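As stored in coords_32.cif (mmCIF, C-alpha atoms):
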data_target
loop_
_atom_site.label_atom_id
_atom_site.label_comp_id
_atom_site.auth_asym_id
_atom_site.auth_seq_id
_atom_site.Cartn_x
_atom_site.Cartn_y
_atom_site.Cartn_z
CA MET M 1 10.06 22.21 40.09
CA LEU M 2 11.93 22.05 36.83
CA ILE M 3 11.39 23.51 33.39
CA GLY M 4 9.97 21.08 30.80
CA SER M 5 13.23 20.46 28.97
CA LYS M 6 14.81 19.02 32.12
CA LEU M 7 12.05 16.46 32.66
CA PRO M 8 11.41 13.11 30.93
CA PRO M 9 9.02 13.78 28.03
CA GLU M 10 5.36 12.81 28.03
CA HIS M 11 4.08 10.19 25.67
CA THR M 12 0.73 9.01 24.37
CA GLU M 13 -0.70 5.50 24.33
CA LYS M 14 0.02 5.17 20.63
CA THR M 15 3.09 4.44 18.53
CA TYR M 16 3.37 5.62 14.97
CA PHE M 17 5.15 3.95 12.08
CA ASN M 18 5.57 4.54 8.37
CA TYR M 19 3.30 1.61 7.42
CA GLY M 20 0.95 -0.89 8.97
CA ARG M 21 3.36 -3.66 7.96
CA ALA M 22 6.13 -1.85 9.89
CA ALA M 23 3.90 -1.78 12.98
CA PHE M 24 3.20 -5.49 12.45
CA ALA M 25 6.89 -6.31 11.99
CA PHE M 26 7.80 -4.33 15.11
CA LEU M 27 5.27 -6.29 17.15
CA VAL M 28 6.41 -9.65 15.79
CA GLY M 29 10.14 -9.01 15.94
CA GLN M 30 10.57 -6.76 18.95
CA VAL M 31 7.62 -7.35 21.22
CA ILE M 32 5.96 -10.75 20.89
CA LYS M 33 8.71 -12.85 19.26
CA PRO M 34 6.42 -15.83 18.62
CA ARG M 35 7.43 -19.28 17.47
CA LYS M 36 4.37 -19.59 15.27
CA VAL M 37 2.01 -17.11 13.62
CA TYR M 38 -1.54 -17.78 12.43
CA LEU M 39 -2.70 -15.63 9.52
CA PRO M 40 -6.01 -15.69 7.61
CA THR M 41 -6.21 -17.13 4.10
CA PHE M 42 -8.10 -14.01 3.06
CA THR M 43 -5.59 -11.22 3.60
CA CYS M 44 -3.54 -8.49 2.07
CA TRP M 45 -0.14 -9.69 0.82
CA SER M 46 1.78 -7.33 3.07
CA LEU M 47 1.34 -9.48 6.20
CA VAL M 48 2.34 -12.67 4.39
CA SER M 49 5.33 -11.10 2.65
CA THR M 50 6.47 -9.46 5.91
CA MET M 51 6.60 -12.89 7.54
CA GLU M 52 8.35 -14.35 4.52
CA LYS M 53 10.98 -11.64 4.17
CA ARG M 54 11.61 -10.59 7.76
CA PHE M 55 10.86 -13.71 9.76
CA PRO M 56 11.72 -16.74 7.65
CA ASN M 57 12.39 -18.80 10.80
CA ILE M 58 8.95 -18.29 12.31
CA THR M 59 6.37 -20.89 11.29
CA VAL M 60 3.33 -19.43 9.56
CA GLU M 61 0.06 -21.34 9.49
CA PHE M 62 -3.02 -20.08 7.69
CA TYR M 63 -6.59 -20.47 8.89
CA PRO M 64 -9.54 -20.53 6.47
CA VAL M 65 -11.90 -17.60 5.99
CA GLY M 66 -15.39 -18.27 4.64
CA ARG M 67 -17.29 -16.52 1.87
CA ASP M 68 -19.14 -14.59 4.58
CA LEU M 69 -15.76 -13.55 6.08
CA ALA M 70 -16.26 -15.82 9.10
CA CYS M 71 -12.90 -17.06 10.37
CA LYS M 72 -12.20 -20.70 11.17
CA TYR M 73 -9.54 -20.14 13.79
CA PRO M 74 -7.33 -22.89 15.17
CA LYS M 75 -8.81 -24.54 18.28
CA PHE M 76 -6.06 -23.33 20.60
CA VAL M 77 -3.31 -20.74 20.42
CA HIS M 78 -0.37 -21.84 22.56
CA LYS M 79 1.81 -19.63 24.71
CA ASP M 80 4.51 -18.97 22.13
CA GLU M 81 2.03 -18.52 19.30
CA MET M 82 0.35 -15.48 17.84
CA LEU M 83 -2.93 -15.16 15.96
CA VAL M 84 -3.74 -12.25 13.67
CA PHE M 85 -7.30 -11.38 12.76
CA ILE M 86 -8.69 -8.63 10.54
CA HIS M 87 -11.82 -6.51 10.63
CA TYR M 88 -12.48 -6.70 6.91
CA PHE M 89 -13.55 -3.58 5.04
CA GLY M 90 -14.57 -1.73 8.22
CA TYR M 91 -16.98 -4.48 9.26
CA GLU M 92 -16.48 -5.82 12.77
CA ASN M 93 -15.15 -9.36 12.72
CA LYS M 94 -17.22 -11.19 15.31
CA SER M 95 -15.91 -14.69 14.70
CA ARG M 96 -15.48 -16.35 18.07
CA LEU M 97 -11.82 -16.28 19.06
CA PRO M 98 -10.17 -19.52 20.17
CA LYS M 99 -9.04 -20.40 23.66
CA LEU M 100 -5.55 -19.23 24.11
CA GLU M 101 -2.42 -18.79 26.10
CA GLY M 102 -0.79 -16.99 23.21
CA THR M 103 -1.17 -13.50 21.79
CA ILE M 104 -3.91 -11.99 19.65
CA LEU M 105 -3.11 -9.24 17.15
CA GLU M 106 -6.04 -7.24 15.88
CA ASP M 107 -5.56 -5.61 12.48
CA ILE M 108 -7.83 -2.57 12.30
CA SER M 109 -6.38 -1.06 9.09
CA HIS M 110 -9.84 -1.17 7.49
CA ALA M 111 -11.73 -0.35 10.64
CA TYR M 112 -10.01 2.25 12.76
CA LEU M 113 -12.90 4.63 12.10
CA SER M 114 -15.48 2.00 13.02
CA LYS M 115 -16.47 2.15 16.66
CA ILE M 116 -15.39 -1.30 17.74
CA ASN M 117 -14.45 -2.66 21.15
CA TYR M 118 -11.04 -4.10 20.51
CA VAL M 119 -10.26 -7.48 22.01
CA GLY M 120 -6.70 -8.13 20.83
CA ASP M 121 -3.64 -8.01 23.06
CA TYR M 122 -2.22 -5.59 20.52
CA VAL M 123 -4.11 -3.50 18.02
CA PHE M 124 -2.36 -2.23 14.93
CA GLY M 125 -3.03 -0.95 11.46
CA SER M 126 -2.30 1.23 8.49
CA TYR M 127 -3.80 4.68 8.00
CA ARG M 128 -3.35 4.70 4.25
CA LYS M 129 -6.38 2.57 3.45
CA VAL M 130 -8.85 5.25 4.51
CA LEU M 131 -6.96 8.54 4.43
CA LYS M 132 -5.19 9.97 1.40
CA ILE M 133 -1.79 10.26 3.04
CA ALA M 134 1.75 9.34 2.01
CA ASP M 135 2.47 6.96 4.86
CA GLY M 136 1.23 5.94 8.28
CA GLY M 137 0.90 2.92 10.51
CA PHE M 138 0.24 2.57 14.20
CA ILE M 139 0.03 0.41 17.29
CA ASN M 140 -2.57 1.37 19.86
CA SER M 141 -0.05 1.09 22.71
CA TYR M 142 3.04 2.98 23.71
CA PHE M 143 6.45 1.73 22.60
CA ASN M 144 9.70 3.55 22.10
CA PRO M 145 11.06 1.96 18.92
CA ILE M 146 14.54 2.55 17.61
CA TYR M 147 13.54 3.11 14.02
CA GLU M 148 15.57 1.76 11.12
CA LYS M 149 17.56 3.99 8.82
CA SER M 150 15.86 4.92 5.56
CA HIS M 151 15.68 7.74 3.02
CA LYS M 152 11.91 7.10 2.92
CA LEU M 153 12.04 7.63 -0.82
CA ASP M 154 8.61 6.14 -1.39
CA THR M 155 7.10 8.85 0.83
CA TRP M 156 9.16 11.48 -0.95
CA LEU M 157 7.98 10.15 -4.31
CA ARG M 158 4.31 10.31 -3.34
CA TYR M 159 4.66 14.02 -2.65
CA GLU M 160 6.38 14.46 -6.01
CA ALA M 161 3.65 12.55 -7.83
CA LYS M 162 1.60 14.31 -10.47
CA ASP M 163 -0.52 11.30 -11.42
CA TRP M 164 -1.15 7.64 -10.60
CA ARG M 165 2.14 6.47 -12.07
CA ASP M 166 4.43 7.81 -9.37
CA VAL M 167 1.96 6.78 -6.68
CA ARG M 168 2.06 3.27 -8.10
CA GLU M 169 5.83 3.38 -8.37
CA ALA M 170 5.99 4.39 -4.70
CA GLU M 171 3.71 1.48 -3.81
CA ASN M 172 5.97 -0.86 -5.79
CA MET M 173 8.97 0.49 -3.91
CA ILE M 174 7.36 -0.43 -0.58
CA ASP M 175 6.52 -3.89 -1.88
CA ARG M 176 10.14 -4.40 -2.93
CA GLU M 177 11.78 -3.29 0.29
CA TRP M 178 10.92 -1.23 3.35
CA ASN M 179 12.18 -0.36 6.80
CA ILE M 180 10.54 0.16 10.16
CA CYS M 181 10.43 3.95 10.35
CA ASP M 182 8.43 6.73 11.93
CA ILE M 183 5.47 8.36 10.20
CA SER M 184 6.06 11.54 8.19
CA SER M 185 5.06 14.87 9.69
CA GLN M 186 2.64 15.62 6.83
CA SER M 187 0.73 12.39 7.37
CA LEU M 188 0.62 12.79 11.13
CA GLU M 189 -0.74 16.33 10.85
CA ILE M 190 -3.50 15.15 8.51
CA ILE M 191 -4.41 12.22 10.77
CA LEU M 192 -4.56 14.35 13.90
CA THR M 193 -6.63 17.09 12.28
CA SER M 194 -9.05 14.94 10.29
CA ASN M 195 -12.69 14.87 11.31
CA SER M 196 -13.44 11.19 12.01
CA ASP M 197 -17.18 11.71 12.48
CA LEU M 198 -17.49 13.52 9.17
CA ILE M 199 -15.41 10.92 7.35
CA ARG M 200 -17.48 8.10 8.85
CA SER M 201 -20.75 9.76 7.98
CA LYS M 202 -19.74 10.52 4.36
CA ARG M 203 -18.39 7.04 3.76
CA ARG M 204 -21.51 5.49 5.25
CA ALA M 205 -23.76 7.64 3.03
CA ASN M 206 -21.71 6.80 -0.08
CA GLU M 207 -21.69 3.08 0.66
CA LYS M 208 -25.41 3.03 1.41
CA PHE M 209 -26.14 4.79 -1.86
CA LEU M 210 -24.26 2.17 -3.85
CA LYS M 211 -25.85 -0.66 -1.89
CA ASP M 212 -29.33 0.75 -2.55
CA ASN M 213 -28.78 1.71 -6.18
CA ILE M 214 -26.72 -1.05 -7.76
CA SER M 215 -28.73 -4.07 -8.76
CA THR M 216 -26.13 -6.31 -10.30
CA GLY M 217 -24.50 -8.87 -8.04
CA ARG M 218 -25.06 -8.53 -4.31
CA ALA M 219 -23.50 -6.52 -1.51
CA LEU M 220 -21.02 -8.60 0.48
CA LEU M 221 -21.74 -6.76 3.74
CA THR M 222 -24.46 -4.83 5.49
CA TYR M 223 -22.73 -2.35 7.71
CA ARG M 224 -23.92 -1.81 11.25
CA SER M 225 -24.54 1.69 12.55
CA ASN M 226 -21.19 1.87 14.37
CA GLU M 227 -19.11 0.93 11.33
CA CYS M 228 -17.26 2.97 8.75
CA PRO M 229 -17.06 1.26 5.34
CA LEU M 230 -13.72 1.03 3.62
CA LEU M 231 -15.35 0.19 0.29
CA HIS M 232 -18.55 -1.06 -1.23
CA SER M 233 -17.77 -4.72 -1.86
CA ARG M 234 -20.02 -6.62 -4.23
CA ILE M 235 -20.10 -10.24 -5.15
CA MET M 236 -20.65 -10.87 -8.85
CA GLU M 237 -22.07 -14.07 -10.24
CA THR M 238 -19.01 -15.01 -12.24
CA LYS M 239 -15.39 -13.95 -12.56
CA GLU M 240 -16.06 -13.04 -16.18
CA ALA M 241 -18.89 -10.68 -15.20
CA ARG M 242 -16.73 -9.15 -12.48
CA ASP M 243 -13.79 -8.59 -14.82
CA SER M 244 -16.06 -7.19 -17.51
CA LEU M 245 -17.63 -4.73 -15.05
CA ARG M 246 -14.19 -3.70 -13.75
CA GLU M 247 -12.99 -3.00 -17.25
CA PHE M 248 -16.14 -1.07 -18.15
CA LEU M 249 -15.91 1.08 -15.01
CA ALA M 250 -12.20 1.74 -15.56
CA GLY M 251 -13.13 3.00 -19.03
CA ARG M 252 -15.40 5.51 -17.31
CA GLY M 253 -12.74 6.58 -14.83
CA VAL M 254 -13.97 4.46 -11.91
CA PHE M 255 -11.12 2.34 -10.61
CA THR M 256 -12.10 -0.68 -8.59
CA SER M 257 -10.01 -3.33 -6.91
CA ILE M 258 -9.98 -7.01 -6.03
CA HIS M 259 -9.59 -8.01 -2.40
CA TRP M 260 -7.41 -10.02 -2.56
CA PRO M 261 -5.50 -12.13 -5.02
CA THR M 262 -4.35 -15.09 -2.91
CA HIS M 263 -0.66 -15.09 -1.97
CA LYS M 264 1.46 -17.94 -3.38
CA ASN M 265 2.45 -19.05 0.14
CA ILE M 266 -1.21 -19.45 1.08
CA ILE M 267 -1.86 -21.48 -2.07
CA LYS M 268 1.18 -23.66 -1.33
CA SER M 269 0.27 -24.15 2.34
CA GLY M 270 -2.31 -26.87 1.71
CA VAL M 271 -4.96 -25.17 3.86
CA ASP M 272 -8.54 -24.97 2.63
CA ILE M 273 -8.51 -21.91 0.37
CA ARG M 274 -11.66 -22.60 -1.61
CA ASP M 275 -13.57 -19.69 -0.12
CA ALA M 276 -10.60 -17.31 -0.34
CA LEU M 277 -10.27 -18.17 -4.02
CA TRP M 278 -14.01 -17.82 -4.50
CA LEU M 279 -13.89 -14.34 -2.99
CA GLU M 280 -10.89 -13.45 -5.14
CA ASN M 281 -12.82 -14.48 -8.23
CA HIS M 282 -16.15 -12.84 -7.45
CA ILE M 283 -15.48 -9.69 -5.47
CA ILE M 284 -15.37 -6.16 -6.80
CA SER M 285 -14.46 -3.35 -4.43
CA ILE M 286 -15.88 0.03 -5.36
CA PRO M 287 -14.51 3.25 -3.82
CA VAL M 288 -16.70 5.13 -1.33
CA SER M 289 -14.05 7.58 -0.13
CA HIS M 290 -15.16 10.61 1.83
CA ASP M 291 -13.49 12.68 -0.92
CA TYR M 292 -16.50 11.76 -3.06
CA ASP M 293 -20.11 12.78 -2.66
CA LEU M 294 -23.46 11.35 -3.70
CA ASN M 295 -23.13 12.83 -7.20
CA ASP M 296 -20.04 10.70 -7.66
CA MET M 297 -21.86 7.66 -6.28
CA GLU M 298 -24.73 8.34 -8.67
CA TYR M 299 -22.22 8.38 -11.53
CA ILE M 300 -20.89 5.00 -10.40
CA ALA M 301 -24.39 3.51 -10.05
CA GLU M 302 -25.36 4.88 -13.46
CA SER M 303 -22.18 3.43 -14.97
CA VAL M 304 -22.96 0.02 -13.51
CA TYR M 305 -26.50 0.31 -14.94
CA GLN M 306 -25.05 1.11 -18.38
CA TRP M 307 -22.86 -1.99 -18.11
CA GLN M 308 -25.91 -4.07 -17.16
CA LYS M 309 -27.89 -2.70 -20.09
CA ARG M 310 -25.07 -3.44 -22.49
CA ASN M 311 -24.86 -7.01 -21.24
CA SER M 312 -28.57 -7.81 -21.01
CA MET N 1 17.44 -5.00 -18.43
CA LYS N 2 16.48 -4.10 -21.95
CA ALA N 3 17.18 -0.66 -23.37
CA MET N 4 14.36 0.20 -25.73
CA GLY N 5 14.97 2.57 -28.56
CA GLY N 6 16.45 6.03 -28.36
CA TYR N 7 20.06 6.69 -27.58
CA PHE N 8 21.91 8.52 -24.93
CA GLU N 9 22.72 11.86 -26.32
CA LEU N 10 23.06 14.80 -24.05
CA GLU N 11 22.50 18.22 -25.38
CA LEU N 12 24.30 21.12 -23.82
CA ARG N 13 22.10 23.75 -22.38
CA LYS N 14 23.10 26.83 -20.54
CA ARG N 15 19.80 27.08 -18.70
CA ASN N 16 18.96 25.61 -15.31
CA GLU N 17 22.48 25.84 -13.98
CA SER N 18 21.13 25.96 -10.47
CA SER N 19 19.62 22.49 -10.84
CA ALA N 20 22.94 21.12 -12.05
CA SER N 21 24.66 22.44 -8.97
CA ASN N 22 22.48 20.10 -6.93
CA LEU N 23 24.02 17.03 -8.51
CA GLY N 24 25.19 14.53 -5.93
CA ARG N 25 24.08 16.61 -3.00
CA LEU N 26 20.78 15.04 -2.09
CA PHE N 27 21.60 11.39 -1.48
CA THR N 28 23.97 8.68 -2.58
CA ILE N 29 22.44 5.82 -4.52
CA LYS N 30 23.01 2.47 -2.81
CA SER N 31 20.52 0.12 -4.43
CA ASP N 32 19.11 -0.55 -7.89
CA HIS N 33 15.67 0.05 -6.39
CA GLU N 34 16.63 3.70 -5.82
CA PHE N 35 17.49 4.36 -9.49
CA TYR N 36 14.21 6.09 -10.32
CA CYS N 37 14.12 8.36 -7.27
CA TYR N 38 17.84 9.05 -7.57
CA LEU N 39 17.42 10.43 -11.07
CA LYS N 40 14.11 12.12 -10.30
CA ALA N 41 15.74 13.97 -7.41
CA HIS N 42 19.03 14.82 -9.08
CA LEU N 43 18.39 15.40 -12.78
CA PRO N 44 18.69 18.99 -13.99
CA LYS N 45 15.40 20.61 -14.88
CA GLU N 46 15.57 20.04 -18.63
CA TYR N 47 15.84 16.30 -18.07
CA SER N 48 13.19 14.08 -16.58
CA ILE N 49 12.54 10.48 -15.81
CA VAL N 50 9.08 8.93 -15.94
CA SER N 51 7.93 5.62 -14.56
CA GLU N 52 5.39 3.61 -16.55
CA PRO N 53 4.47 0.89 -14.03
CA LEU N 54 2.26 -2.03 -14.92
CA LYS N 55 -1.31 -1.81 -13.68
CA SER N 56 -1.53 -5.47 -12.72
CA TYR N 57 -1.41 -6.66 -9.14
CA TYR N 58 1.92 -7.69 -7.67
CA SER N 59 4.09 -6.41 -10.45
CA GLU N 60 6.42 -4.55 -8.11
CA LEU N 61 9.53 -6.28 -9.39
CA THR N 62 9.09 -5.08 -12.95
CA PHE N 63 10.20 -1.63 -13.99
CA HIS N 64 9.83 0.62 -16.97
CA TYR N 65 11.59 3.97 -16.76
CA ILE N 66 11.91 6.50 -19.56
CA LEU N 67 14.61 9.14 -19.51
CA TYR N 68 13.77 12.35 -21.37
CA HIS N 69 15.59 15.43 -22.42
CA LYS N 70 12.75 17.91 -22.73
CA GLU N 71 10.22 16.01 -24.87
CA ARG N 72 12.74 13.67 -26.46
CA ILE N 73 13.30 10.13 -25.23
CA LEU N 74 16.96 9.52 -24.48
CA LYS N 75 16.67 5.99 -23.19
CA GLU N 76 14.23 3.45 -21.83
CA TYR N 77 14.93 0.99 -19.04
CA LYS N 78 12.60 -1.97 -18.93
CA GLY N 79 12.89 -5.27 -17.13
CA SER N 80 12.71 -7.04 -13.81
CA PHE N 81 14.75 -6.31 -10.72
CA LEU N 82 15.16 -10.07 -10.42
CA ASP N 83 16.96 -10.33 -13.75
CA ILE N 84 19.34 -7.39 -13.78
CA LYS N 85 22.95 -7.58 -12.68
CA ARG N 86 23.25 -6.32 -9.12
CA GLU N 87 24.09 -2.60 -8.94
CA SER N 88 23.78 -2.16 -12.72
CA LEU N 89 21.16 0.56 -12.22
CA VAL N 90 23.23 2.12 -9.44
CA LYS N 91 26.13 2.48 -11.86
CA GLU N 92 23.87 3.66 -14.67
CA GLY N 93 22.32 6.36 -12.45
CA GLU N 94 25.74 7.61 -11.41
CA ARG N 95 26.99 7.47 -15.00
CA ILE N 96 24.06 9.53 -16.28
CA LEU N 97 24.57 12.30 -13.76
CA LYS N 98 28.34 12.27 -14.20
CA ARG N 99 27.96 12.60 -17.94
CA ILE N 100 25.51 15.47 -17.64
CA LYS N 101 27.88 17.23 -15.28
CA GLU N 102 30.88 16.67 -17.55
CA ASN N 103 28.99 18.02 -20.55
CA ARG N 104 27.92 21.06 -18.58
CA ASP N 105 31.44 21.67 -17.32
CA ALA N 106 32.80 21.33 -20.84
CA TYR N 107 30.23 23.82 -22.08
CA ARG N 108 31.20 26.32 -19.37
CA LYS N 109 34.86 26.17 -20.46
#
Would you mind writing the file's structure down as structure tokens?
Amino acid sequence: MLIGSKLPPEHTEKTYFNYGRAAFAFLVGQVIKPRKVYLPTFTCWSLVSTMEKRFPNITVEFYPVGRDLACKYPKFVHKDEMLVFIHYFGYENKSRLPKLEGTILEDISHAYLSKINYVGDYVFGSYRKVLKIADGGFINSYFNPIYEKSHKLDTWLRYEAKDWRDVREAENMIDREWNICDISSQSLEIILTSNSDLIRSKRRANEKFLKDNISTGRALLTYRSNECPLLHSRIMETKEARDSLREFLAGRGVFTSIHWPTHKNIIKSGVDIRDALWLENHIISIPVSHDYDLNDMEYIAESVYQWQKRNS
Amino acid sequence: MKAMGGYFELELRKRNESSASNLGRLFTIKSDHEFYCYLKAHLPKEYSIVSEPLKSYYSELTFHYILYHKERILKEYKGSFLDIKRESLVKEGERILKRIKENRDAYRK
């Protein structure tokens, strides 16, 4: 028998990173090393820009995503190919996966608090979409990465931030350049001590309230009982109405977002992007964070009603 | 890079000497992208730098930084990282801190 310090250390079946995109880049560059990557047309820019900046020699092909978020995957994924799919907004993506010899990557950034049976060869994501933390990405498998050197100034800046400006500046810094690094101790402590059941239940209650009490537009999704909403996504009749509502809500301190403006590489690719563009032009994503309660949701619903009244 | 209004005038202040002693100790600036954090981390207490980022999506390559001495604007830096001369903000960051240090040293003498 030996004392602990003389023995190889234990490890968990999880690997942490500074961002979801770092986890993704690690899988692409160090683990899978594919010749070709399939990405959805409806996606966050970080996956597309990671491929563009870090893997310019790997072919990227986009597959269409419908207005109902159904994915039109390629018919077959060959051995040296990789397909990425996303569980959008916490809602389980049940589009039938193609036949394959290649690798499936499952992006659960929006859905790691939804109780989903994962089907991907590798499951990865970002923690920052749901939790209010400075950094955090993960792969649901054990690896022992040699992390890249970085001052992690964006993480430092987030902790220095007094208002949205430095948080935004930190986000801009990541979008300009980033390295594959470990998660910060502060973020990890928050992740490991957060109450997933409570978060899920509060987010579900908030989302349900908005779904039941907003009458303009229509809800994009109806969450199942096992799912944890990232946001309350609504589809507005026109882009003009959506933009007007966004502006009105911002004036009342409710900041909404658009998921997602379509990346230039997707537009250039020649793939069918009609539905991705349609979503970009009609969607409004309203916060349902567990930091808020039903009083806050009532304020949002009332604000939307005031906007409706003003425009009727 | 476009400097907007104000001018670079450093006032000598005896206070916050401890902050000045931190100059250059935290990290060495290597990239123009680090300009904001470099100054935010190293400026003595009576100086500050504020970022005024755009609110629009995908505007990460534009910057707007304002350097203050107390409430007074000393200089604004506004532009795009794509347009500036490489390492111009690196040199500017180092120059600002060097000048503050020189002024403080001169004041001490």
Find the nearest atom pair between each residue of chain N and chain M for residues within 7 Å, count only C-alpha atoms, give distances in Å to one decimal, sort rows by chain and ascending number, and present the table as CSV.
residue,atom,partner,partner_atom,distance
N:Cys37,CA,M:Leu153,CA,6.8
N:Ser51,CA,M:Arg165,CA,6.4
N:Glu52,CA,M:Arg165,CA,6.2
N:Pro53,CA,M:Glu169,CA,6.3
N:Glu60,CA,M:Asn172,CA,4.4
N:Leu61,CA,M:Arg176,CA,6.8
Subject >> Residue contacts of M:Asp80 (10 Å, only C-alpha atoms) excluding same-chain residues fewer than 6 positions away, as a PyMOL selection string >> reply: chain M and resi 32-37+101-103
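Distances here use all atoms listed in the file; by that measure, the residue among M:Leu131, M:Asn117, M:Thr41, M:Asp275 closest to M:Thr193 is M:Leu131.
For the atom pair formed by atom CA of M:Phe85 and atom CA of M:His282, the distance is 22.1 Å, given to one decimal.
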Subject >> Close residues, M:Pro287 itself excluded, 8 Å, all atoms listed in the file, min 5 positions apart in chain, as an MDAnalysis selection string >> reply: chainID M and resid 230:232 255:256
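One finds atom CA of N:Ile96 at 13.7 Å from atom CA of N:Glu46.
Between atom CA of M:Tyr305 and atom CA of M:Ser289 the separation is 20.7 Å.
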Subject >> 9 Å contact set for M:Leu221, all atoms listed in the file, chain neighbours under 4 positions out, as JSON, numbers by chain >> reply: {"M": [68, 89, 91, 232, 233, 234]}
**OP:** Apply the PyMOL selection byres ((chain M and resi 6-16) around 10) to the structure shown and report the selected residues as a ChimeraX atom specification.
**Re:** /M:1-5,17-20,22-23,123-126,136-145,181-184,188
Subject >> Ground truth for the PyMOL selection byres ((chain N and resi 62) around 8), written as a ChimeraX atom specification >> reply: /N:53-54,59-61,63-64,78-81
Subject >> Selected residue of minimal separation from M:Tyr122 among M:Val60, M:Ile191, M:Val288, M:Ile108, counting only C-alpha atoms >> reply: M:Ile108
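Of the listed residues (M:Val77, M:Val304, M:Ile266, M:Val254), M:Val304 comes nearest to M:Ala241; the distances count only C-alpha atoms.
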